[in-house]
$ cat target-v2.pdb   # PDB, C-alpha atoms and all ligand atoms
ATOM      1  CA  MET A   1       0.000   0.000   0.000
ATOM      2  CA  ALA A   2       1.363   3.444  -0.891
ATOM      3  CA  PRO A   3       1.968   5.760   2.103
ATOM      4  CA  SER A   4      -0.819   8.127   0.958
ATOM      5  CA  ASP A   5      -3.313   5.209   0.892
ATOM      6  CA  ARG A   6      -2.309   4.092   4.369
ATOM      7  CA  SER A   7      -2.894   7.556   5.844
ATOM      8  CA  ASP A   8      -6.552   7.343   4.722
ATOM      9  CA  THR A   9      -7.224   4.295   6.877
ATOM     10  CA  THR A  10      -5.382   5.445   9.999
ATOM     11  CA  LYS A  11      -6.736   8.998  10.298
ATOM     12  CA  VAL A  12      -9.997   9.405  12.144
ATOM     13  CA  SER A  13     -11.265  12.513  10.420
ATOM     14  CA  LYS A  14     -14.706  14.005   9.757
ATOM     15  CA  SER A  15     -16.655  12.839   6.735
ATOM     16  CA  GLN A  16     -16.016  15.968   4.648
ATOM     17  CA  LEU A  17     -19.138  15.250   2.676
ATOM     18  CA  LYS A  18     -18.730  16.449  -0.891
ATOM     19  CA  PRO A  19     -21.280  18.063  -3.227
ATOM     20  CA  GLY A  20     -23.234  15.481  -5.213
ATOM     21  CA  LEU A  21     -25.194  12.426  -4.154
ATOM     22  CA  THR A  22     -24.003  10.162  -1.353
ATOM     23  CA  LEU A  23     -25.817   6.853  -0.791
ATOM     24  CA  LEU A  24     -25.870   6.020   2.915
ATOM     25  CA  ALA A  25     -25.955   2.480   4.270
ATOM     26  CA  THR A  26     -28.050   2.253   7.444
ATOM     27  CA  PRO A  27     -28.760  -0.513  10.001
ATOM     28  CA  ILE A  28     -30.698  -3.671   9.064
ATOM     29  CA  GLY A  29     -31.876  -4.262  12.610
ATOM     30  CA  ASN A  30     -29.481  -3.008  15.235
ATOM     31  CA  ALA A  31     -29.467   0.783  15.442
ATOM     32  CA  ARG A  32     -25.813   0.762  16.499
ATOM     33  CA  ASP A  33     -24.773  -0.749  13.155
ATOM     34  CA  VAL A  34     -24.340   2.622  11.517
ATOM     35  CA  THR A  35     -20.957   3.967  10.564
ATOM     36  CA  LEU A  36     -19.500   7.212  11.863
ATOM     37  CA  ARG A  37     -19.306   8.386   8.246
ATOM     38  CA  SER A  38     -23.038   7.763   7.680
ATOM     39  CA  LEU A  39     -23.847   9.786  10.817
ATOM     40  CA  ASP A  40     -21.437  12.567   9.797
ATOM     41  CA  ALA A  41     -23.067  12.645   6.369
ATOM     42  CA  LEU A  42     -26.560  12.893   7.898
ATOM     43  CA  ARG A  43     -25.326  15.794  10.051
ATOM     44  CA  ASP A  44     -23.532  17.612   7.208
ATOM     45  CA  ALA A  45     -25.963  17.107   4.282
ATOM     46  CA  ASP A  46     -27.783  20.079   2.788
ATOM     47  CA  ILE A  47     -30.650  17.901   1.542
ATOM     48  CA  ILE A  48     -31.720  14.534   2.965
ATOM     49  CA  ALA A  49     -33.615  12.222   0.630
ATOM     50  CA  CYS A  50     -35.017   8.962   1.936
ATOM     51  CA  GLU A  51     -37.357   6.097   1.116
ATOM     52  CA  ASP A  52     -39.574   6.882   4.134
ATOM     53  CA  THR A  53     -39.303  10.174   6.029
ATOM     54  CA  ARG A  54     -40.460   8.627   9.335
ATOM     55  CA  MET A  55     -37.704   5.994   9.213
ATOM     56  CA  ALA A  56     -35.068   8.628   8.429
ATOM     57  CA  ARG A  57     -36.275  10.870  11.253
ATOM     58  CA  ARG A  58     -36.233   7.941  13.671
ATOM     59  CA  LEU A  59     -32.639   7.083  12.789
ATOM     60  CA  MET A  60     -31.604  10.720  13.138
ATOM     61  CA  ASP A  61     -33.412  11.080  16.492
ATOM     62  CA  MET A  62     -31.735   7.933  17.819
ATOM     63  CA  HIS A  63     -28.359   9.401  17.058
ATOM     64  CA  GLY A  64     -29.129  12.938  18.207
ATOM     65  CA  ILE A  65     -29.044  14.485  14.720
ATOM     66  CA  SER A  66     -31.500  17.323  14.187
ATOM     67  CA  LEU A  67     -32.997  18.076  10.813
ATOM     68  CA  GLY A  68     -33.153  21.817  11.424
ATOM     69  CA  SER A  69     -34.415  23.712   8.400
ATOM     70  CA  ARG A  70     -32.995  21.217   5.892
ATOM     71  CA  PRO A  71     -35.335  19.658   3.344
ATOM     72  CA  LEU A  72     -36.281  16.021   3.990
ATOM     73  CA  ILE A  73     -37.498  14.625   0.673
ATOM     74  CA  ALA A  74     -39.227  11.279   0.134
ATOM     75  CA  TYR A  75     -37.868   9.342  -2.839
ATOM     76  CA  HIS A  76     -39.286   5.920  -3.636
ATOM     77  CA  GLU A  77     -40.303   3.974  -6.706
ATOM     78  CA  HIS A  78     -43.762   5.634  -6.875
ATOM     79  CA  ASN A  79     -42.569   9.255  -6.883
ATOM     80  CA  ALA A  80     -39.154   8.907  -8.564
ATOM     81  CA  ALA A  81     -40.307  10.861 -11.632
ATOM     82  CA  GLN A  82     -41.282  13.904  -9.530
ATOM     83  CA  ALA A  83     -38.541  13.756  -6.885
ATOM     84  CA  THR A  84     -35.577  13.143  -9.208
ATOM     85  CA  PRO A  85     -35.573  16.593 -10.945
ATOM     86  CA  ARG A  86     -35.695  18.354  -7.571
ATOM     87  CA  LEU A  87     -32.742  16.359  -6.260
ATOM     88  CA  LEU A  88     -30.783  16.790  -9.498
ATOM     89  CA  ALA A  89     -31.389  20.556  -9.338
ATOM     90  CA  GLY A  90     -29.996  20.625  -5.797
ATOM     91  CA  ILE A  91     -26.914  18.698  -6.906
ATOM     92  CA  ALA A  92     -26.440  21.035  -9.900
ATOM     93  CA  GLU A  93     -26.444  23.983  -7.452
ATOM     94  CA  GLY A  94     -23.629  22.347  -5.486
ATOM     95  CA  SER A  95     -25.685  20.856  -2.633
ATOM     96  CA  ARG A  96     -24.599  17.833  -0.672
ATOM     97  CA  VAL A  97     -27.499  15.395  -1.034
ATOM     98  CA  VAL A  98     -27.662  12.113   0.878
ATOM     99  CA  TYR A  99     -30.043   9.239   0.184
ATOM    100  CA  LEU A 100     -30.981   6.477   2.604
ATOM    101  CA  SER A 101     -33.441   3.617   2.172
ATOM    102  CA  ASP A 102     -35.401   2.097   5.056
ATOM    103  CA  ALA A 103     -32.677  -0.396   5.942
ATOM    104  CA  GLY A 104     -29.298  -1.531   4.729
ATOM    105  CA  THR A 105     -27.636  -0.483   1.510
ATOM    106  CA  PRO A 106     -29.726   1.614  -0.891
ATOM    107  CA  ILE A 107     -30.125   0.076  -4.364
ATOM    108  CA  VAL A 108     -29.777  -3.507  -3.037
ATOM    109  CA  ALA A 109     -33.434  -4.632  -3.427
ATOM    110  CA  ASP A 110     -34.297  -1.044  -2.529
ATOM    111  CA  PRO A 111     -34.840   2.252  -4.334
ATOM    112  CA  GLY A 112     -31.937   4.463  -5.378
ATOM    113  CA  TYR A 113     -30.749   2.923  -8.630
ATOM    114  CA  ARG A 114     -32.614   5.295 -10.940
ATOM    115  CA  LEU A 115     -31.524   8.296  -8.916
ATOM    116  CA  ALA A 116     -27.880   7.198  -8.953
ATOM    117  CA  LYS A 117     -28.092   6.569 -12.696
ATOM    118  CA  ALA A 118     -29.601  10.023 -13.280
ATOM    119  CA  VAL A 119     -26.825  11.667 -11.254
ATOM    120  CA  ILE A 120     -24.169   9.829 -13.273
ATOM    121  CA  ALA A 121     -25.909  10.796 -16.536
ATOM    122  CA  GLU A 122     -25.924  14.473 -15.480
ATOM    123  CA  GLY A 123     -22.207  14.310 -14.693
ATOM    124  CA  GLY A 124     -22.811  14.727 -10.932
ATOM    125  CA  ALA A 125     -20.579  13.190  -8.268
ATOM    126  CA  LEU A 126     -21.751   9.909  -6.746
ATOM    127  CA  SER A 127     -20.400   8.548  -3.492
ATOM    128  CA  ALA A 128     -21.480   6.061  -0.817
ATOM    129  CA  THR A 129     -20.877   5.171   2.793
ATOM    130  CA  PRO A 130     -20.530   1.381   2.897
ATOM    131  CA  GLY A 131     -22.271  -0.537   5.664
ATOM    132  CA  PRO A 132     -24.895  -3.163   6.509
ATOM    133  CA  CYS A 133     -26.443  -5.350   3.817
ATOM    134  CA  ALA A 134     -28.574  -8.386   4.730
ATOM    135  CA  ALA A 135     -27.286 -10.441   1.776
ATOM    136  CA  ILE A 136     -23.660 -10.005   2.829
ATOM    137  CA  MET A 137     -24.311 -10.608   6.524
ATOM    138  CA  ALA A 138     -26.281 -13.764   5.664
ATOM    139  CA  LEU A 139     -23.472 -15.019   3.419
ATOM    140  CA  THR A 140     -20.959 -14.263   6.168
ATOM    141  CA  LEU A 141     -22.858 -16.483   8.633
ATOM    142  CA  SER A 142     -24.095 -19.187   6.246
ATOM    143  CA  GLY A 143     -21.068 -21.479   6.257
ATOM    144  CA  LEU A 144     -21.531 -21.738   2.466
ATOM    145  CA  PRO A 145     -18.787 -21.032  -0.088
ATOM    146  CA  SER A 146     -18.241 -17.302  -0.420
ATOM    147  CA  ASP A 147     -15.574 -17.099  -3.130
ATOM    148  CA  ARG A 148     -18.335 -16.697  -5.712
ATOM    149  CA  PHE A 149     -21.942 -15.764  -5.117
ATOM    150  CA  THR A 150     -24.998 -14.558  -7.019
ATOM    151  CA  PHE A 151     -27.616 -12.260  -5.535
ATOM    152  CA  GLY A 152     -31.111 -13.058  -6.846
ATOM    153  CA  GLY A 153     -33.176 -10.525  -4.873
ATOM    154  CA  PHE A 154     -36.849 -11.419  -4.370
ATOM    155  CA  SER A 155     -38.434 -14.245  -6.372
ATOM    156  CA  PRO A 156     -41.962 -13.893  -7.850
ATOM    157  CA  ASN A 157     -45.041 -14.665  -5.753
ATOM    158  CA  ARG A 158     -46.570 -17.442  -7.830
ATOM    159  CA  SER A 159     -45.070 -20.894  -7.748
ATOM    160  CA  GLY A 160     -44.869 -21.434 -11.535
ATOM    161  CA  GLN A 161     -43.162 -18.075 -12.119
ATOM    162  CA  ARG A 162     -40.960 -18.671  -9.115
ATOM    163  CA  GLN A 163     -39.714 -22.013 -10.466
ATOM    164  CA  ASN A 164     -38.929 -20.382 -13.820
ATOM    165  CA  PHE A 165     -37.086 -17.648 -11.955
ATOM    166  CA  PHE A 166     -35.030 -20.172  -9.943
ATOM    167  CA  ARG A 167     -34.259 -22.089 -13.147
ATOM    168  CA  GLU A 168     -32.340 -19.031 -14.381
ATOM    169  CA  PHE A 169     -29.954 -19.448 -11.452
ATOM    170  CA  ALA A 170     -29.586 -23.213 -11.554
ATOM    171  CA  ALA A 171     -26.352 -23.240 -13.531
ATOM    172  CA  ALA A 172     -24.777 -20.242 -11.770
ATOM    173  CA  PRO A 173     -21.525 -21.113 -10.023
ATOM    174  CA  GLY A 174     -21.170 -20.379  -6.317
ATOM    175  CA  THR A 175     -23.694 -19.651  -3.606
ATOM    176  CA  LEU A 176     -27.115 -18.191  -4.452
ATOM    177  CA  ILE A 177     -28.649 -15.538  -2.196
ATOM    178  CA  PHE A 178     -32.372 -14.690  -2.205
ATOM    179  CA  TYR A 179     -34.452 -12.286  -0.153
ATOM    180  CA  GLU A 180     -37.655 -13.930   0.991
ATOM    181  CA  SER A 181     -40.890 -13.168   2.771
ATOM    182  CA  PRO A 182     -41.480 -15.384   5.838
ATOM    183  CA  ARG A 183     -45.063 -16.131   4.680
ATOM    184  CA  ARG A 184     -43.930 -17.966   1.574
ATOM    185  CA  LEU A 185     -40.625 -19.312   2.898
ATOM    186  CA  ALA A 186     -41.733 -22.969   2.982
ATOM    187  CA  ALA A 187     -43.227 -22.805  -0.534
ATOM    188  CA  SER A 188     -40.110 -21.109  -1.915
ATOM    189  CA  LEU A 189     -37.768 -23.640  -0.309
ATOM    190  CA  SER A 190     -39.841 -26.423  -1.813
ATOM    191  CA  ASP A 191     -39.659 -24.784  -5.270
ATOM    192  CA  MET A 192     -35.906 -24.343  -4.851
ATOM    193  CA  PHE A 193     -35.544 -28.044  -4.050
ATOM    194  CA  ALA A 194     -37.611 -28.946  -7.126
ATOM    195  CA  ILE A 195     -35.315 -26.868  -9.343
ATOM    196  CA  PHE A 196     -31.870 -27.071  -7.712
ATOM    197  CA  GLY A 197     -32.108 -30.604  -6.322
ATOM    198  CA  GLU A 198     -30.342 -31.395  -3.067
ATOM    199  CA  ARG A 199     -27.797 -28.804  -2.002
ATOM    200  CA  ASP A 200     -26.416 -27.348   1.214
ATOM    201  CA  ALA A 201     -28.476 -24.329   2.210
ATOM    202  CA  ALA A 202     -29.117 -21.843   5.000
ATOM    203  CA  VAL A 203     -31.962 -19.655   6.191
ATOM    204  CA  ALA A 204     -30.792 -16.497   7.970
ATOM    205  CA  ARG A 205     -33.460 -14.686   9.971
ATOM    206  CA  GLU A 206     -33.666 -11.471  11.962
ATOM    207  CA  LEU A 207     -30.010 -10.663  11.370
ATOM    208  CA  SER A 208     -28.433  -8.325  13.924
ATOM    209  CA  LYS A 209     -31.683  -8.361  15.937
ATOM    210  CA  THR A 210     -32.544  -9.991  19.282
ATOM    211  CA  PHE A 211     -33.834 -13.222  17.761
ATOM    212  CA  GLU A 212     -31.131 -13.621  15.127
ATOM    213  CA  GLU A 213     -31.051 -17.212  13.867
ATOM    214  CA  VAL A 214     -29.249 -19.111  11.111
ATOM    215  CA  LYS A 215     -30.495 -22.608  10.237
ATOM    216  CA  ARG A 216     -28.115 -24.616   8.082
ATOM    217  CA  GLY A 217     -28.789 -27.950   6.409
ATOM    218  CA  ALA A 218     -29.839 -29.785   3.284
ATOM    219  CA  LEU A 219     -32.304 -27.838   1.133
ATOM    220  CA  SER A 220     -34.908 -30.633   1.395
ATOM    221  CA  ALA A 221     -34.580 -30.727   5.209
ATOM    222  CA  LEU A 222     -34.981 -26.948   5.512
ATOM    223  CA  ALA A 223     -38.029 -27.068   3.209
ATOM    224  CA  GLN A 224     -39.545 -29.809   5.382
ATOM    225  CA  ASN A 225     -38.689 -27.947   8.587
ATOM    226  CA  TYR A 226     -40.544 -24.781   7.551
ATOM    227  CA  ALA A 227     -43.426 -26.744   6.003
ATOM    228  CA  ASP A 228     -43.905 -28.396   9.434
ATOM    229  CA  ALA A 229     -43.212 -25.353  11.613
ATOM    230  CA  GLY A 230     -45.160 -22.761   9.601
ATOM    231  CA  ALA A 231     -44.091 -19.244   8.724
ATOM    232  CA  PRO A 232     -41.394 -17.858  11.003
ATOM    233  CA  LYS A 233     -41.464 -14.273  12.235
ATOM    234  CA  GLY A 234     -39.256 -11.507  10.912
ATOM    235  CA  GLU A 235     -37.045 -10.940   7.908
ATOM    236  CA  VAL A 236     -35.400 -13.754   6.001
ATOM    237  CA  VAL A 237     -32.545 -14.445   3.601
ATOM    238  CA  VAL A 238     -32.238 -17.852   1.912
ATOM    239  CA  LEU A 239     -28.871 -19.105   0.688
ATOM    240  CA  VAL A 240     -28.285 -22.133  -1.533
ATOM    241  CA  GLY A 241     -24.823 -23.597  -1.932
ATOM    242  CA  PRO A 242     -23.322 -24.572  -5.286
ATOM    243  CA  ALA A 243     -24.389 -27.820  -6.938
ATOM    244  CA  ALA A 244     -22.400 -30.720  -5.528
ATOM    245  CA  HIS A 245     -20.327 -32.758  -7.907
ATOM    246  CA  ILE A 246     -22.217 -35.931  -7.021
ATOM    247  CA  ALA A 247     -24.766 -37.083  -9.564
ATOM    248  CA  PRO A 248     -28.388 -36.360  -8.575
ATOM    249  CA  THR A 249     -30.584 -39.390  -7.963
ATOM    250  CA  GLY A 250     -32.921 -40.682 -10.676
ATOM    251  CA  GLU A 251     -35.836 -39.391  -8.601
ATOM    252  CA  VAL A 252     -34.461 -35.846  -8.542
ATOM    253  CA  LEU A 253     -33.892 -35.998 -12.311
ATOM    254  CA  ASP A 254     -37.391 -37.360 -12.960
ATOM    255  CA  ASN A 255     -39.053 -34.773 -10.709
ATOM    256  CA  ALA A 256     -37.123 -31.937 -12.327
ATOM    257  CA  LEU A 257     -38.019 -33.170 -15.815
ATOM    258  CA  ARG A 258     -41.724 -33.666 -15.019
ATOM    259  CA  GLU A 259     -41.865 -30.168 -13.534
ATOM    260  CA  ALA A 260     -40.026 -28.572 -16.466
ATOM    261  CA  MET A 261     -42.138 -30.397 -19.066
ATOM    262  CA  THR A 262     -45.315 -28.830 -17.666
ATOM    263  CA  GLU A 263     -43.888 -25.422 -18.584
ATOM    264  CA  MET A 264     -41.841 -25.991 -21.737
ATOM    265  CA  SER A 265     -41.181 -28.260 -24.698
ATOM    266  CA  LEU A 266     -39.400 -31.573 -24.139
ATOM    267  CA  LYS A 267     -36.245 -30.226 -25.814
ATOM    268  CA  ASP A 268     -36.180 -27.037 -23.750
ATOM    269  CA  ALA A 269     -36.964 -28.959 -20.572
ATOM    270  CA  ALA A 270     -34.072 -31.357 -21.231
ATOM    271  CA  ARG A 271     -31.673 -28.458 -21.863
ATOM    272  CA  SER A 272     -32.810 -26.545 -18.778
ATOM    273  CA  VAL A 273     -32.656 -29.601 -16.470
ATOM    274  CA  SER A 274     -29.287 -30.766 -17.798
ATOM    275  CA  GLU A 275     -27.851 -27.313 -17.053
ATOM    276  CA  ALA A 276     -29.543 -27.168 -13.658
ATOM    277  CA  LEU A 277     -28.330 -30.589 -12.530
ATOM    278  CA  GLY A 278     -25.012 -30.604 -14.370
ATOM    279  CA  LEU A 279     -25.888 -33.809 -16.277
ATOM    280  CA  PRO A 280     -25.073 -34.656 -19.925
ATOM    281  CA  ARG A 281     -27.826 -33.296 -22.219
ATOM    282  CA  LYS A 282     -28.186 -36.552 -24.161
ATOM    283  CA  ARG A 283     -28.828 -38.562 -21.001
ATOM    284  CA  VAL A 284     -31.415 -36.060 -19.773
ATOM    285  CA  TYR A 285     -33.054 -35.900 -23.227
ATOM    286  CA  ASP A 286     -33.328 -39.701 -23.391
ATOM    287  CA  ARG A 287     -34.870 -39.777 -19.927
ATOM    288  CA  ALA A 288     -37.337 -37.028 -20.886
ATOM    289  CA  LEU A 289     -38.404 -39.105 -23.925
ATOM    290  CA  ALA A 290     -38.913 -42.128 -21.689
ATOM    291  CA  LEU A 291     -41.053 -40.127 -19.232
ATOM    292  CA  LYS A 292     -43.219 -38.479 -21.860
TER     293      LYS A 292
HETATM  294  N1  LIG B 301     -31.346  -2.795   1.190
HETATM  295  C1  LIG B 301     -31.489  -3.892   2.114
HETATM  296  C2  LIG B 301     -30.129  -4.567   2.274
HETATM  297  O1  LIG B 301     -29.115  -3.917   2.068
HETATM  298  O2  LIG B 301     -30.075  -5.725   2.676
HETATM  299  C3  LIG B 301     -32.558  -4.857   1.670
HETATM  300  C4  LIG B 301     -33.931  -4.255   1.611
HETATM  301  S1  LIG B 301     -35.171  -5.377   1.061
HETATM  302  C5  LIG B 301     -36.511  -4.294   0.788
HETATM  303  C6  LIG B 301     -35.688  -6.156   2.532
HETATM  304  C7  LIG B 301     -35.318  -7.646   2.572
HETATM  305  O3  LIG B 301     -33.950  -7.783   2.958
HETATM  306  C8  LIG B 301     -36.103  -8.433   3.608
HETATM  307  O4  LIG B 301     -37.342  -8.879   3.101
HETATM  308  C9  LIG B 301     -35.179  -9.593   3.893
HETATM  309  O5  LIG B 301     -35.248 -10.569   2.883
HETATM  310  C10 LIG B 301     -33.804  -8.894   3.827
HETATM  311  N2  LIG B 301     -33.458  -8.375   5.158
HETATM  312  C11 LIG B 301     -33.370  -7.093   5.529
HETATM  313  N3  LIG B 301     -33.005  -7.002   6.815
HETATM  314  C12 LIG B 301     -32.871  -8.256   7.271
HETATM  315  C13 LIG B 301     -32.516  -8.828   8.533
HETATM  316  N4  LIG B 301     -32.248  -8.066   9.593
HETATM  317  N5  LIG B 301     -32.461 -10.177   8.641
HETATM  318  C14 LIG B 301     -32.735 -10.962   7.583
HETATM  319  N6  LIG B 301     -33.075 -10.477   6.381
HETATM  320  C15 LIG B 301     -33.147  -9.148   6.220
END
$ encode --input "target-v2.pdb" --output "structure tokens"
Amino acid sequence: MAPSDRSDTTKVSKSQLKPGLTLLATPIGNARDVTLRSLDALRDADIIACEDTRMARRLMDMHGISLGSRPLIAYHEHNAAQATPRLLAGIAEGSRVVYLSDAGTPIVADPGYRLAKAVIAEGGALSATPGPCAAIMALTLSGLPSDRFTFGGFSPNRSGQRQNFFREFAAAPGTLIFYESPRRLAASLSDMFAIFGERDAAVARELSKTFEEVKRGALSALAQNYADAGAPKGEVVVLVGPAAHIAPTGEVLDNALREAMTEMSLKDAARSVSEALGLPRKRVYDRALALK
């Protein structure tokens, strides 16, 4: 590391928030999980934009930061068209604008992307204070391989669409990370098992909160566990480890093929399942013909 780089990490200085847009990461459960830079930025900003003004005010109150006469502007997916020009105008005038979503890192399954893109397009400065993100905390605790991972966000509500969605990830290398609603956790785990076959998996719940819990196990066992126990409380991340290099059983192959053939042609189903299970296409195609 060059000496000038090292000095950046050893000095404890104020945030020196710059003009432009700064995306602030905020806690995902524990109010103390907020960085000094995020708090400095909230104190120093000229304009505070947020997904929900009540959540932003609560965070500021908790940390003794007063809003004063500064504008607090709601920005979410329903009012992006109206709020964006106002925020861009502020940035063009040299204001220091910060944006925070309700929890965690803005843009990650949260609003902020279109605003950030607009700022970049207008030649404005974009910065961020890094911090909590449920996907990364869940991966950290999952015990699953972390050298490669794919973030899938939320899957669709309906089972058929959800299985198609999971199919897109079946051949991805590394660990898969999905955000999930507790109400449909059991159904989603069951759909994941139908598409991915048996894999190591984890369900991370209420991260950084009082009832934090990580359940690790085989995907089928986790699906059964939540089918028996019912919907858990709180917020959930599901992680699915990479496909093992052991061949899936004939039953897993047959189930995957039957499922896929209800949605697509025999040829497409064979291609999709062979990619998902890492099996030779010819073998899967022959089996699909036999099942038809
Ligand atoms: N931007 C946030 C982030 O950086 O993680 C994610 C916001 S997204 C709207 C909310 C989803 O994130 C929840 O439904 C859940 O899947 C996951 N999540 C957020 N906080 C969590 C927590 N404390 N424990 C487990 N999952 C959490």
$ residues_around --input "target-v2.pdb" --residues "Leu42 (chain A)" --least-positions-apart "6" --cutoff "12 Å" --atoms "all atoms listed in the file" --output "PyMOL selection string"
chain A and resi 15-17+22-26+34-36+48-50+56-57+59-61+63-68+70-72+96-100+129
$ residues_around --input "target-v2.pdb" --residues "Arg216 (chain A)" --least-positions-apart "2" --cutoff "10 Å" --atoms "only C-alpha atoms" --output "list in words"
Leu141, Ser142, Gly143, Leu144, Asp200, Ala201, Ala202, Val203, Ala204, Glu213, Val214, Ala218, Leu219, Ala221, Leu222, Leu239 and Val240 of chain A
$ write_last_selection --input "target-v2.pdb" --atoms "C-alpha atoms" --output "PDB file, in the coordinates of the input"
ATOM      1  CA  LEU A 141     -22.858 -16.483   8.633  1.00  0.00           C
ATOM      2  CA  SER A 142     -24.095 -19.187   6.246  1.00  0.00           C
ATOM      3  CA  GLY A 143     -21.068 -21.479   6.257  1.00  0.00           C
ATOM      4  CA  LEU A 144     -21.531 -21.738   2.466  1.00  0.00           C
ATOM      5  CA  ASP A 200     -26.416 -27.348   1.214  1.00  0.00           C
ATOM      6  CA  ALA A 201     -28.476 -24.329   2.210  1.00  0.00           C
ATOM      7  CA  ALA A 202     -29.117 -21.843   5.000  1.00  0.00           C
ATOM      8  CA  VAL A 203     -31.962 -19.655   6.191  1.00  0.00           C
ATOM      9  CA  ALA A 204     -30.792 -16.497   7.970  1.00  0.00           C
ATOM     10  CA  GLU A 213     -31.051 -17.212  13.867  1.00  0.00           C
ATOM     11  CA  VAL A 214     -29.249 -19.111  11.111  1.00  0.00           C
ATOM     12  CA  ALA A 218     -29.839 -29.785   3.284  1.00  0.00           C
ATOM     13  CA  LEU A 219     -32.304 -27.838   1.133  1.00  0.00           C
ATOM     14  CA  ALA A 221     -34.580 -30.727   5.209  1.00  0.00           C
ATOM     15  CA  LEU A 222     -34.981 -26.948   5.512  1.00  0.00           C
ATOM     16  CA  LEU A 239     -28.871 -19.105   0.688  1.00  0.00           C
ATOM     17  CA  VAL A 240     -28.285 -22.133  -1.533  1.00  0.00           C
TER      18      VAL A 240
END
$ closest_residue --input "target-v2.pdb" --among "A:Gly94, A:Gly112, A:Pro19, A:Pro106" --to "ligand LIG 301 (chain B)" --atoms "all atoms listed in the file"
A:Pro106
$ closest_residue --input "target-v2.pdb" --among "A:Pro27, A:Gly90, A:Gly20, A:Pro280" --to "ligand LIG 301 (chain B)" --atoms "only C-alpha atoms and all ligand atoms"
A:Pro27
$ residues_near_ligand --input "target-v2.pdb" --ligand "ligand LIG 301 (chain B)" --cutoff "6 Å" --atoms "all atoms listed in the file" --output "list in words"
Ile28, Gly29, Ala103, Gly104, Thr105, Pro106, Val108, Ala109, Asp110, Cys133, Ala134, Ala135, Tyr179, Glu180, Ser181, Ala204, Arg205, Glu206, Leu207, Ser208, Glu235, Val236 and Val237 of chain A
$ write_last_selection --input "target-v2.pdb" --atoms "C-alpha atoms" --output "PDB file, in the frame of the given file"
ATOM      1  CA  ILE A  28     -30.698  -3.671   9.064  1.00  0.00           C
ATOM      2  CA  GLY A  29     -31.876  -4.262  12.610  1.00  0.00           C
ATOM      3  CA  ALA A 103     -32.677  -0.396   5.942  1.00  0.00           C
ATOM      4  CA  GLY A 104     -29.298  -1.531   4.729  1.00  0.00           C
ATOM      5  CA  THR A 105     -27.636  -0.483   1.510  1.00  0.00           C
ATOM      6  CA  PRO A 106     -29.726   1.614  -0.891  1.00  0.00           C
ATOM      7  CA  VAL A 108     -29.777  -3.507  -3.037  1.00  0.00           C
ATOM      8  CA  ALA A 109     -33.434  -4.632  -3.427  1.00  0.00           C
ATOM      9  CA  ASP A 110     -34.297  -1.044  -2.529  1.00  0.00           C
ATOM     10  CA  CYS A 133     -26.443  -5.350   3.817  1.00  0.00           C
ATOM     11  CA  ALA A 134     -28.574  -8.386   4.730  1.00  0.00           C
ATOM     12  CA  ALA A 135     -27.286 -10.441   1.776  1.00  0.00           C
ATOM     13  CA  TYR A 179     -34.452 -12.286  -0.153  1.00  0.00           C
ATOM     14  CA  GLU A 180     -37.655 -13.930   0.991  1.00  0.00           C
ATOM     15  CA  SER A 181     -40.890 -13.168   2.771  1.00  0.00           C
ATOM     16  CA  ALA A 204     -30.792 -16.497   7.970  1.00  0.00           C
ATOM     17  CA  ARG A 205     -33.460 -14.686   9.971  1.00  0.00           C
ATOM     18  CA  GLU A 206     -33.666 -11.471  11.962  1.00  0.00           C
ATOM     19  CA  LEU A 207     -30.010 -10.663  11.370  1.00  0.00           C
ATOM     20  CA  SER A 208     -28.433  -8.325  13.924  1.00  0.00           C
ATOM     21  CA  GLU A 235     -37.045 -10.940   7.908  1.00  0.00           C
ATOM     22  CA  VAL A 236     -35.400 -13.754   6.001  1.00  0.00           C
ATOM     23  CA  VAL A 237     -32.545 -14.445   3.601  1.00  0.00           C
TER      24      VAL A 237
END
$ residues_around --input "target-v2.pdb" --residues "Phe169 (chain A)" --least-positions-apart "5" --cutoff "9 Å" --atoms "only C-alpha atoms" --output "PyMOL selection string"
chain A and resi 150+152+176+196+276
$ closest_residue --input "target-v2.pdb" --among "A:Ala121, A:Val252, A:Ile136, A:Ala187" --to "Arg158 (chain A)" --atoms "only C-alpha atoms"
A:Ala187
